[in-house]
Structure formats: C-alpha cells, structure tokens
$ cat input_0.pdb   # PDB, C-alpha atoms, pLDDT in the B column
ATOM      1  CA  MET N 242       0.587 -16.642   9.114  1.00 43.00           C
ATOM      2  CA  GLY N 243       2.222 -18.969  11.630  1.00 45.00           C
ATOM      3  CA  LEU N 244       2.048 -22.754  11.321  1.00 47.00           C
ATOM      4  CA  PHE N 245      -0.873 -22.951  13.757  1.00 48.00           C
ATOM      5  CA  GLY N 246      -2.536 -19.677  12.842  1.00 53.00           C
ATOM      6  CA  ASN N 247      -0.961 -17.734  15.711  1.00 70.00           C
ATOM      7  CA  GLN N 248      -0.144 -14.620  13.731  1.00 82.00           C
ATOM      8  CA  ASN N 249      -0.016 -11.467  15.783  1.00 88.00           C
ATOM      9  CA  PRO N 250      -3.497  -9.884  15.315  1.00 91.00           C
ATOM     10  CA  PHE N 251      -1.987  -6.499  14.449  1.00 94.00           C
ATOM     11  CA  GLU N 252       0.639  -7.594  11.962  1.00 95.00           C
ATOM     12  CA  GLU N 253      -1.356  -7.087   8.761  1.00 95.00           C
ATOM     13  CA  SER N 254      -2.735  -3.683   9.776  1.00 95.00           C
ATOM     14  CA  LEU N 255       0.639  -2.428  10.970  1.00 97.00           C
ATOM     15  CA  ASP N 256       2.340  -3.621   7.786  1.00 97.00           C
ATOM     16  CA  LYS N 257      -0.179  -1.584   5.779  1.00 97.00           C
ATOM     17  CA  VAL N 258       0.231   1.724   7.635  1.00 97.00           C
ATOM     18  CA  THR N 259       4.039   1.491   7.749  1.00 97.00           C
ATOM     19  CA  ASN N 260       4.651   0.146   4.238  1.00 97.00           C
ATOM     20  CA  GLU N 261       7.836   1.560   2.732  1.00 95.00           C
ATOM     21  CA  LEU N 262       5.933   2.529  -0.443  1.00 96.00           C
ATOM     22  CA  ASN N 263       3.431   4.738   1.399  1.00 95.00           C
ATOM     23  CA  THR N 264       3.446   8.372   0.312  1.00 94.00           C
ATOM     24  CA  ASP N 265       0.693   9.611   2.650  1.00 94.00           C
ATOM     25  CA  VAL N 266      -0.405   8.917   6.220  1.00 95.00           C
ATOM     26  CA  ASP N 267      -3.636   6.883   6.275  1.00 96.00           C
ATOM     27  CA  TRP N 268      -5.119   8.331   9.462  1.00 96.00           C
ATOM     28  CA  GLY N 269      -8.337   6.366   9.108  1.00 96.00           C
ATOM     29  CA  ALA N 270      -6.425   3.078   9.091  1.00 97.00           C
ATOM     30  CA  ILE N 271      -4.217   4.225  11.971  1.00 97.00           C
ATOM     31  CA  ILE N 272      -7.194   5.159  14.163  1.00 97.00           C
ATOM     32  CA  ALA N 273      -8.888   1.854  13.293  1.00 96.00           C
ATOM     33  CA  LEU N 274      -5.698   0.111  14.399  1.00 97.00           C
ATOM     34  CA  CYS N 275      -5.717   2.090  17.662  1.00 97.00           C
ATOM     35  CA  ASP N 276      -9.317   1.015  18.291  1.00 96.00           C
ATOM     36  CA  LYS N 277      -8.357  -2.617  17.683  1.00 96.00           C
ATOM     37  CA  VAL N 278      -5.427  -2.388  20.094  1.00 96.00           C
ATOM     38  CA  LYS N 279      -7.675  -0.853  22.742  1.00 95.00           C
ATOM     39  CA  THR N 280     -10.414  -3.477  22.447  1.00 94.00           C
ATOM     40  CA  THR N 281      -8.416  -6.671  21.855  1.00 93.00           C
ATOM     41  CA  SER N 282      -7.414  -8.990  24.687  1.00 88.00           C
ATOM     42  CA  LYS N 283      -3.680  -8.555  25.306  1.00 92.00           C
ATOM     43  CA  GLY N 284      -3.779  -5.829  22.647  1.00 95.00           C
ATOM     44  CA  PRO N 285      -1.197  -3.485  24.184  1.00 96.00           C
ATOM     45  CA  ALA N 286       1.310  -6.298  24.793  1.00 95.00           C
ATOM     46  CA  ASP N 287       0.931  -7.831  21.337  1.00 95.00           C
ATOM     47  CA  PHE N 288       1.069  -4.465  19.594  1.00 97.00           C
ATOM     48  CA  THR N 289       4.103  -3.086  21.407  1.00 96.00           C
ATOM     49  CA  THR N 290       6.125  -6.173  20.503  1.00 94.00           C
ATOM     50  CA  LEU N 291       5.465  -5.469  16.829  1.00 96.00           C
ATOM     51  CA  ILE N 292       5.893  -1.703  16.943  1.00 97.00           C
ATOM     52  CA  LEU N 293       9.401  -1.982  18.387  1.00 97.00           C
ATOM     53  CA  GLN N 294      10.343  -4.198  15.446  1.00 96.00           C
ATOM     54  CA  LYS N 295       8.901  -1.659  13.009  1.00 97.00           C
ATOM     55  CA  ILE N 296      10.711   1.282  14.597  1.00 98.00           C
ATOM     56  CA  ASN N 297      13.919  -0.738  14.352  1.00 97.00           C
ATOM     57  CA  HIS N 298      13.284  -1.479  10.654  1.00 97.00           C
ATOM     58  CA  LYS N 299      16.197  -1.208   8.238  1.00 95.00           C
ATOM     59  CA  VAL N 300      14.206   1.188   6.022  1.00 96.00           C
ATOM     60  CA  PRO N 301      14.065   4.615   7.729  1.00 97.00           C
ATOM     61  CA  HIS N 302      10.734   5.537   6.115  1.00 97.00           C
ATOM     62  CA  VAL N 303       9.130   2.488   7.765  1.00 97.00           C
ATOM     63  CA  SER N 304      10.656   3.496  11.099  1.00 97.00           C
ATOM     64  CA  MET N 305       9.358   7.060  10.840  1.00 97.00           C
ATOM     65  CA  GLN N 306       5.848   5.856  10.042  1.00 97.00           C
ATOM     66  CA  ALA N 307       5.974   3.411  12.949  1.00 98.00           C
ATOM     67  CA  ILE N 308       6.798   6.259  15.347  1.00 98.00           C
ATOM     68  CA  THR N 309       3.755   8.153  14.032  1.00 97.00           C
ATOM     69  CA  VAL N 310       1.562   5.089  14.642  1.00 97.00           C
ATOM     70  CA  LEU N 311       2.947   4.614  18.143  1.00 98.00           C
ATOM     71  CA  ASP N 312       2.216   8.221  19.070  1.00 97.00           C
ATOM     72  CA  ALA N 313      -1.344   7.831  17.751  1.00 97.00           C
ATOM     73  CA  CYS N 314      -1.774   4.792  19.997  1.00 97.00           C
ATOM     74  CA  VAL N 315      -0.412   6.655  23.017  1.00 97.00           C
ATOM     75  CA  ASN N 316      -2.970   9.399  22.311  1.00 97.00           C
ATOM     76  CA  ASN N 317      -5.916   7.081  21.755  1.00 96.00           C
ATOM     77  CA  CYS N 318      -5.459   3.686  23.454  1.00 96.00           C
ATOM     78  CA  GLY N 319      -5.812   4.615  27.123  1.00 95.00           C
ATOM     79  CA  LYS N 320      -4.249   3.653  30.430  1.00 96.00           C
ATOM     80  CA  ASP N 321      -3.604  -0.031  29.760  1.00 96.00           C
ATOM     81  CA  PHE N 322      -1.551   0.936  26.726  1.00 97.00           C
ATOM     82  CA  HIS N 323       0.330   3.564  28.717  1.00 97.00           C
ATOM     83  CA  LYS N 324       1.231   0.958  31.321  1.00 97.00           C
ATOM     84  CA  GLU N 325       2.630  -1.275  28.596  1.00 97.00           C
ATOM     85  CA  ILE N 326       4.678   1.643  27.232  1.00 96.00           C
ATOM     86  CA  ALA N 327       6.012   2.199  30.750  1.00 97.00           C
ATOM     87  CA  SER N 328       7.072  -1.441  31.199  1.00 97.00           C
ATOM     88  CA  GLN N 329      10.695  -2.516  31.562  1.00 96.00           C
ATOM     89  CA  HIS N 330      10.422  -4.661  28.437  1.00 95.00           C
ATOM     90  CA  PHE N 331       9.311  -1.746  26.273  1.00 97.00           C
ATOM     91  CA  THR N 332      11.793   0.794  27.594  1.00 97.00           C
ATOM     92  CA  ASP N 333      14.585  -1.754  27.102  1.00 97.00           C
ATOM     93  CA  GLY N 334      13.516  -1.940  23.461  1.00 97.00           C
ATOM     94  CA  LEU N 335      13.512   1.841  23.147  1.00 97.00           C
ATOM     95  CA  ARG N 336      16.960   2.010  24.694  1.00 97.00           C
ATOM     96  CA  ASP N 337      18.354  -0.451  22.143  1.00 97.00           C
ATOM     97  CA  ILE N 338      17.012   1.682  19.292  1.00 97.00           C
ATOM     98  CA  ILE N 339      18.255   4.958  20.773  1.00 97.00           C
ATOM     99  CA  TYR N 340      21.790   3.652  21.149  1.00 96.00           C
ATOM    100  CA  ASN N 341      22.090   1.399  18.118  1.00 96.00           C
ATOM    101  CA  TYR N 342      19.892   2.609  15.238  1.00 96.00           C
ATOM    102  CA  LYS N 343      22.107   4.019  12.508  1.00 94.00           C
ATOM    103  CA  VAL N 344      19.931   6.850  11.132  1.00 96.00           C
ATOM    104  CA  LYS N 345      20.069   9.831  13.456  1.00 94.00           C
ATOM    105  CA  LYS N 346      16.897  11.453  12.103  1.00 95.00           C
ATOM    106  CA  VAL N 347      14.899   8.429  13.250  1.00 96.00           C
ATOM    107  CA  VAL N 348      16.541   8.399  16.677  1.00 97.00           C
ATOM    108  CA  LEU N 349      15.956  12.124  17.208  1.00 96.00           C
ATOM    109  CA  ARG N 350      12.305  11.882  16.236  1.00 97.00           C
ATOM    110  CA  LEU N 351      11.802   8.917  18.567  1.00 97.00           C
ATOM    111  CA  CYS N 352      13.526  10.868  21.333  1.00 97.00           C
ATOM    112  CA  TYR N 353      11.236  13.850  20.742  1.00 97.00           C
ATOM    113  CA  PHE N 354       8.213  11.639  21.353  1.00 97.00           C
ATOM    114  CA  ILE N 355       9.806   9.921  24.353  1.00 98.00           C
ATOM    115  CA  LYS N 356      10.159  13.352  25.951  1.00 97.00           C
ATOM    116  CA  LYS N 357       6.575  14.227  25.010  1.00 97.00           C
ATOM    117  CA  TRP N 358       5.206  10.995  26.505  1.00 98.00           C
ATOM    118  CA  ALA N 359       7.292  11.363  29.659  1.00 97.00           C
ATOM    119  CA  GLU N 360       5.833  14.835  30.192  1.00 97.00           C
ATOM    120  CA  ASP N 361       2.326  13.431  29.644  1.00 96.00           C
ATOM    121  CA  PHE N 362       2.966  10.610  32.143  1.00 97.00           C
ATOM    122  CA  LYS N 363       4.787  12.571  34.855  1.00 95.00           C
ATOM    123  CA  ASP N 364       1.821  12.915  37.232  1.00 96.00           C
ATOM    124  CA  ASP N 365       0.839   9.232  37.163  1.00 96.00           C
ATOM    125  CA  PRO N 366       2.762   7.061  39.687  1.00 96.00           C
ATOM    126  CA  GLU N 367       1.938   3.910  37.712  1.00 97.00           C
ATOM    127  CA  LEU N 368       3.905   5.286  34.765  1.00 97.00           C
ATOM    128  CA  SER N 369       6.890   6.507  36.759  1.00 96.00           C
ATOM    129  CA  HIS N 370       9.275   3.981  35.202  1.00 97.00           C
ATOM    130  CA  PHE N 371       8.892   5.645  31.815  1.00 97.00           C
ATOM    131  CA  VAL N 372       9.515   9.089  33.288  1.00 97.00           C
ATOM    132  CA  SER N 373      12.607   7.775  35.070  1.00 97.00           C
ATOM    133  CA  PHE N 374      13.791   6.188  31.822  1.00 97.00           C
ATOM    134  CA  TYR N 375      13.596   9.559  30.083  1.00 97.00           C
ATOM    135  CA  TYR N 376      15.417  11.481  32.813  1.00 97.00           C
ATOM    136  CA  ARG N 377      18.086   8.813  33.200  1.00 96.00           C
ATOM    137  CA  HIS N 378      19.038   8.851  29.532  1.00 96.00           C
ATOM    138  CA  ARG N 379      18.781  12.614  29.291  1.00 95.00           C
ATOM    139  CA  GLY N 380      21.271  12.720  32.134  1.00 95.00           C
ATOM    140  CA  GLU N 381      23.537  10.399  30.182  1.00 94.00           C
ATOM    141  CA  GLY N 382      23.699  12.918  27.340  1.00 94.00           C
ATOM    142  CA  ILE N 383      21.053  11.601  24.943  1.00 95.00           C
ATOM    143  CA  GLN N 384      19.529  14.456  22.914  1.00 94.00           C
ATOM    144  CA  PHE N 385      15.751  14.854  23.336  1.00 96.00           C
ATOM    145  CA  PRO N 386      14.515  17.594  20.932  1.00 94.00           C
ATOM    146  CA  ASP N 387      11.977  20.108  22.218  1.00 90.00           C
ATOM    147  CA  THR N 388       9.922  20.125  19.006  1.00 85.00           C
ATOM    148  CA  GLU N 389       9.335  17.941  15.961  1.00 80.00           C
ATOM    149  CA  ASP N 390      10.981  20.643  13.862  1.00 72.00           C
ATOM    150  CA  ASP N 391      14.126  20.288  15.962  1.00 64.00           C
ATOM    151  CA  SER N 392      14.146  16.532  15.427  1.00 65.00           C
ATOM    152  CA  ALA N 393      13.744  16.979  11.669  1.00 60.00           C
ATOM    153  CA  THR N 394      16.352  19.672  11.095  1.00 53.00           C
ATOM    154  CA  SER N 395      19.107  19.146  13.654  1.00 49.00           C
ATOM    155  CA  THR N 396      21.022  16.801  11.341  1.00 43.00           C
ATOM    156  CA  LYS N 397      20.444  18.721   8.092  1.00 44.00           C
ATOM    157  CA  ASN N 398      24.034  19.881   7.732  1.00 39.00           C
ATOM    158  CA  GLU N 399      25.781  16.711   8.851  1.00 43.00           C
ATOM    159  CA  PRO N 400      28.302  15.131   6.454  1.00 40.00           C
ATOM    160  CA  VAL N 401      27.219  12.036   4.514  1.00 39.00           C
ATOM    161  CA  SER N 402      28.203   8.843   6.289  1.00 42.00           C
ATOM    162  CA  SER N 403      30.209   6.135   4.560  1.00 42.00           C
ATOM    163  CA  ASP N 404      28.151   3.484   6.404  1.00 47.00           C
ATOM    164  CA  PRO N 405      26.003   1.693   3.757  1.00 43.00           C
ATOM    165  CA  ASN N 406      23.167   1.302   6.265  1.00 47.00           C
ATOM    166  CA  VAL N 407      22.811   5.061   6.748  1.00 48.00           C
ATOM    167  CA  VAL N 408      20.522   7.154   4.544  1.00 48.00           C
ATOM    168  CA  SER N 409      22.552   8.265   1.545  1.00 48.00           C
ATOM    169  CA  SER N 410      20.129   9.120  -1.254  1.00 52.00           C
ATOM    170  CA  GLN N 411      18.022  12.232  -1.691  1.00 51.00           C
ATOM    171  CA  GLN N 412      14.955  10.034  -2.231  1.00 56.00           C
ATOM    172  CA  GLU N 413      15.371   8.466   1.204  1.00 54.00           C
ATOM    173  CA  GLU N 414      15.831  11.913   2.741  1.00 54.00           C
ATOM    174  CA  ASP N 415      12.652  13.104   1.019  1.00 57.00           C
ATOM    175  CA  ASP N 416      10.752  10.057   2.268  1.00 55.00           C
ATOM    176  CA  ILE N 417      11.829  10.753   5.836  1.00 53.00           C
ATOM    177  CA  ALA N 418      10.950  14.441   5.593  1.00 54.00           C
ATOM    178  CA  LYS N 419       7.521  13.520   4.230  1.00 55.00           C
ATOM    179  CA  ALA N 420       6.884  11.203   7.162  1.00 51.00           C
ATOM    180  CA  VAL N 421       7.880  13.931   9.599  1.00 50.00           C
ATOM    181  CA  SER N 422       5.902  16.750   8.026  1.00 49.00           C
ATOM    182  CA  SER N 423       2.719  14.691   7.708  1.00 50.00           C
ATOM    183  CA  SER N 424       2.676  13.611  11.347  1.00 49.00           C
ATOM    184  CA  ARG N 425       0.118  15.300  13.559  1.00 60.00           C
ATOM    185  CA  LYS N 426      -1.712  14.414  16.738  1.00 64.00           C
ATOM    186  CA  LEU N 427      -4.990  12.769  15.706  1.00 69.00           C
ATOM    187  CA  VAL N 428      -7.795  11.988  18.146  1.00 73.00           C
ATOM    188  CA  LYS N 429     -11.328  10.650  17.835  1.00 72.00           C
ATOM    189  CA  ALA N 430     -14.224  12.652  19.273  1.00 74.00           C
ATOM    190  CA  LEU N 431     -16.103  10.833  22.035  1.00 71.00           C
ATOM    191  CA  TYR N 432     -19.193  13.075  21.944  1.00 68.00           C
ATOM    192  CA  ASP N 433     -21.024  15.697  19.879  1.00 70.00           C
ATOM    193  CA  PHE N 434     -20.062  19.340  20.307  1.00 73.00           C
ATOM    194  CA  GLU N 435     -21.710  22.408  18.798  1.00 72.00           C
ATOM    195  CA  ALA N 436     -19.460  25.462  18.431  1.00 70.00           C
ATOM    196  CA  ALA N 437     -20.704  28.564  20.229  1.00 70.00           C
ATOM    197  CA  GLU N 438     -17.793  30.870  19.344  1.00 69.00           C
ATOM    198  CA  ASP N 439     -15.983  31.704  16.103  1.00 70.00           C
ATOM    199  CA  ASN N 440     -12.799  30.073  17.346  1.00 70.00           C
ATOM    200  CA  GLU N 441     -14.495  26.763  18.265  1.00 74.00           C
ATOM    201  CA  LEU N 442     -15.041  23.644  16.144  1.00 80.00           C
ATOM    202  CA  THR N 443     -18.299  21.760  15.679  1.00 80.00           C
ATOM    203  CA  PHE N 444     -17.848  17.979  15.629  1.00 74.00           C
ATOM    204  CA  ARG N 445     -19.753  14.734  16.117  1.00 76.00           C
ATOM    205  CA  ALA N 446     -18.916  11.583  18.066  1.00 73.00           C
ATOM    206  CA  GLY N 447     -16.553   9.440  16.012  1.00 72.00           C
ATOM    207  CA  ASP N 448     -15.138  12.338  13.975  1.00 75.00           C
ATOM    208  CA  LEU N 449     -11.341  12.326  13.528  1.00 73.00           C
ATOM    209  CA  ILE N 450      -9.800  15.627  14.631  1.00 76.00           C
ATOM    210  CA  THR N 451      -6.264  16.706  13.787  1.00 72.00           C
ATOM    211  CA  ILE N 452      -4.587  18.751  16.530  1.00 72.00           C
ATOM    212  CA  LEU N 453      -1.817  21.015  15.283  1.00 65.00           C
ATOM    213  CA  ASP N 454       0.929  22.130  17.646  1.00 58.00           C
ATOM    214  CA  ASP N 455       1.011  25.871  18.303  1.00 49.00           C
TER     215      ASP N 455
END

$ encode --input "input_0.pdb" --output "structure tokens"
Amino acid sequence: MGLFGNQNPFEESLDKVTNELNTDVDWGAIIALCDKVKTTSKGPADFTTLILQKINHKVPHVSMQAITVLDACVNNCGKDFHKEIASQHFTDGLRDIIYNYKVKKVVLRLCYFIKKWAEDFKDDPELSHFVSFYYRHRGEGIQFPDTEDDSATSTKNEPVSSDPNVVSSQQEEDDIAKAVSSSRKLVKALYDFEAAEDNELTFRAGDLITILDD
C-alpha cells in the first residue's frame, strides 16, 4: 500500500487473478472484479492503468491472464469502460505492447481481442478512436488473427529465439497454452429465463454463463 493509503483499489484483486502460479481461471473472482470496476468511482480509469501494466508483464503467463481479464471487463463493464478503452491514453499503451513486447504469442492474442473489440465498437461514434486505431495498425502490417486458435498456433513452428526474455522452456509454453485454452467469454445473467426449447438454457439472475465460440 502507498505511503498515504492511496493504493489502486483494483491492485490486490488483479494480482490474484493474474498470478503467475495460477493453473486455472477463477471466473468468479474475475466477474467480481468486473462488478467492482463498474461500480467504483473512476473505476475504468484506475483499472485500465493497471491492466496495461499486467499485459506488459515480463512473465508471459501473467500477460495472457491479464488479456483474459480485460476481455471479461469489456464484456461486462458497460459503456463507461468502453470509452476508457477507446481513449488515446489506452490505445497508446496497447500500441507500445504490440510493437515492443518480446513474446509473439502474447502480442497475437492481444491483437485478436483488439480486432474483436473494434468490431464490437464499430457502430458507436463515441468509440470511433478505437476502431480507427485497429484499422490504422492493420494497414501498417500488424497481424490481427481471426480466431483465438489462430493466435495460439500461428507461432508454433517458429525457431527458438536466443533472446533471454523470450519464452524458451516447455513449461512456459504449456502455461501460455493453458491460459489460451481456458479463456472463454463469460457474462452474468441480468434476469431469470426459463427454457422453452431443447436448445435453450434455463438460468437465474446473477448466474455466470460461459459463451463458447461456434
């Protein structure tokens, strides 16, 4: 905690859900963190400052988990959070990571989500800066995978780098793959719903629902 108790209100929670020793995604803790971001004064601004630091972490497994948390917040934290994501400050931070982070798997996965968010934001004029950011860097030759599978496998056959900061052990590779494979879109139900058809799902307000990509 800071000298005068001014610790970022999300630091402890974010440290927990992105810890480098994690072997599973704690969706309950992530959704609780999303709720806190959404309901805290200056929540989006305080959180996005921290999440950029986590994505830029020297341990790739921490970075991969941080991307999962950020996507959960985009899905659950509403318009004020989207506006923060679409700010110049945040996109400048994303740009630094895209161009300078040394582990390509992390960069590709971040780029996959940038594309996904840009497509989600494209019809909202207030979020146009983020959409422009995506198209500008795509035009400059940055690779934005179409699927999470693409982001996970496109570097599988690359030679091992001699850079000591780049992933070099099988354990680190396994940790990254685990973070990728366990990531799904998770949302919280806002109301009760009773299934009327075989292909529908019954749920109650507050239930956590995992949405799998087709």

$ closest_residue --input "input_0.pdb" --among "N:Ala286, N:Ala437, N:Ile272, N:Val278" --to "Glu325 in chain N" --atoms "all atoms listed in the file"
N:Ala286

$ residues_near_point --input "input_0.pdb" --point "(15.7, -3.1, 16.0)" --cutoff "10 Å" --atoms "only C-alpha atoms" --output "CSV table (one decimal) with C-alpha atoms, in the coordinates of the input"
chain,number,residue,atom,x,y,z
N,292,ILE,CA,5.9,-1.7,16.9
N,293,LEU,CA,9.4,-2.0,18.4
N,294,GLN,CA,10.3,-4.2,15.4
N,295,LYS,CA,8.9,-1.7,13.0
N,296,ILE,CA,10.7,1.3,14.6
N,297,ASN,CA,13.9,-0.7,14.4
N,298,HIS,CA,13.3,-1.5,10.7
N,299,LYS,CA,16.2,-1.2,8.2
N,304,SER,CA,10.7,3.5,11.1
N,334,GLY,CA,13.5,-1.9,23.5
N,335,LEU,CA,13.5,1.8,23.1
N,337,ASP,CA,18.4,-0.5,22.1
N,338,ILE,CA,17.0,1.7,19.3
N,339,ILE,CA,18.3,5.0,20.8
N,341,ASN,CA,22.1,1.4,18.1
N,342,TYR,CA,19.9,2.6,15.2

$ residues_around --input "input_0.pdb" --residues "Phe354 in chain N" --least-positions-apart "3" --cutoff "9 Å" --atoms "only C-alpha atoms" --output "count of residues only"
12

$ atom_distance --input "input_0.pdb" --atom1 "CA of Val310 in chain N" --atom2 "CA of Glu441 in chain N"
27.2 Å

$ atom_distance --input "input_0.pdb" --atom1 "CA of Asp287 in chain N" --atom2 "CA of Leu255 in chain N"
11.7 Å

$ atom_distance --input "input_0.pdb" --atom1 "CA of Thr309 in chain N" --atom2 "CA of Leu431 in chain N"
21.6 Å

$ closest_residue --input "input_0.pdb" --among "N:Pro366, N:Val303, N:Val347, N:Arg336" --to "His323 in chain N" --atoms "only C-alpha atoms"
N:Pro366

$ residues_near_point --input "input_0.pdb" --point "(9.7, -4.5, 24.8)" --cutoff "7 Å" --atoms "all atoms listed in the file" --output "VMD selection string"
chain N and resid 289 to 290 293 330 to 334

$ resolve_selection --input "input_0.pdb" --expression "the PyMOL selection byres ((chain N and resi 250-252) around 9)" --output "compact mmCIF listing (two decimals) with C-alpha atoms, in the frame of the given file"
# COMPACT_ATOMS: atom_id res chain seq x y z
CA ASN N 247 -0.96 -17.73 15.71
CA GLN N 248 -0.14 -14.62 13.73
CA ASN N 249 -0.02 -11.47 15.78
CA GLU N 253 -1.36 -7.09 8.76
CA SER N 254 -2.74 -3.68 9.78
CA LEU N 255 0.64 -2.43 10.97
CA ASP N 256 2.34 -3.62 7.79
CA LYS N 257 -0.18 -1.58 5.78
CA LEU N 274 -5.70 0.11 14.40
CA LYS N 277 -8.36 -2.62 17.68
CA VAL N 278 -5.43 -2.39 20.09
CA THR N 281 -8.42 -6.67 21.86
CA GLY N 284 -3.78 -5.83 22.65
CA ASP N 287 0.93 -7.83 21.34
CA PHE N 288 1.07 -4.46 19.59
CA LEU N 291 5.46 -5.47 16.83

$ closest_residue --input "input_0.pdb" --among "N:Lys343, N:Lys356, N:Arg379, N:Lys279" --to "Ala313 in chain N" --atoms "all atoms listed in the file"
N:Lys279

$ closest_residue --input "input_0.pdb" --among "N:Asn440, N:Thr451, N:Gln329, N:Gln306" --to "Val266 in chain N" --atoms "only C-alpha atoms"
N:Gln306

$ axis_aligned_box --input "input_0.pdb" --around "range 437-453 of chain N" --padding-each-side "5 Å" --output "AutoDock Vina command-line options"
--center_x -11.3 --center_y 20.6 --center_z 16.9 --size_x 28.9 --size_y 32.3 --size_z 16.7

$ closest_residue --input "input_0.pdb" --among "N:Tyr353, N:Phe362, N:Tyr376, N:Phe434" --to "Asp390 in chain N" --atoms "all atoms listed in the file"
N:Tyr353
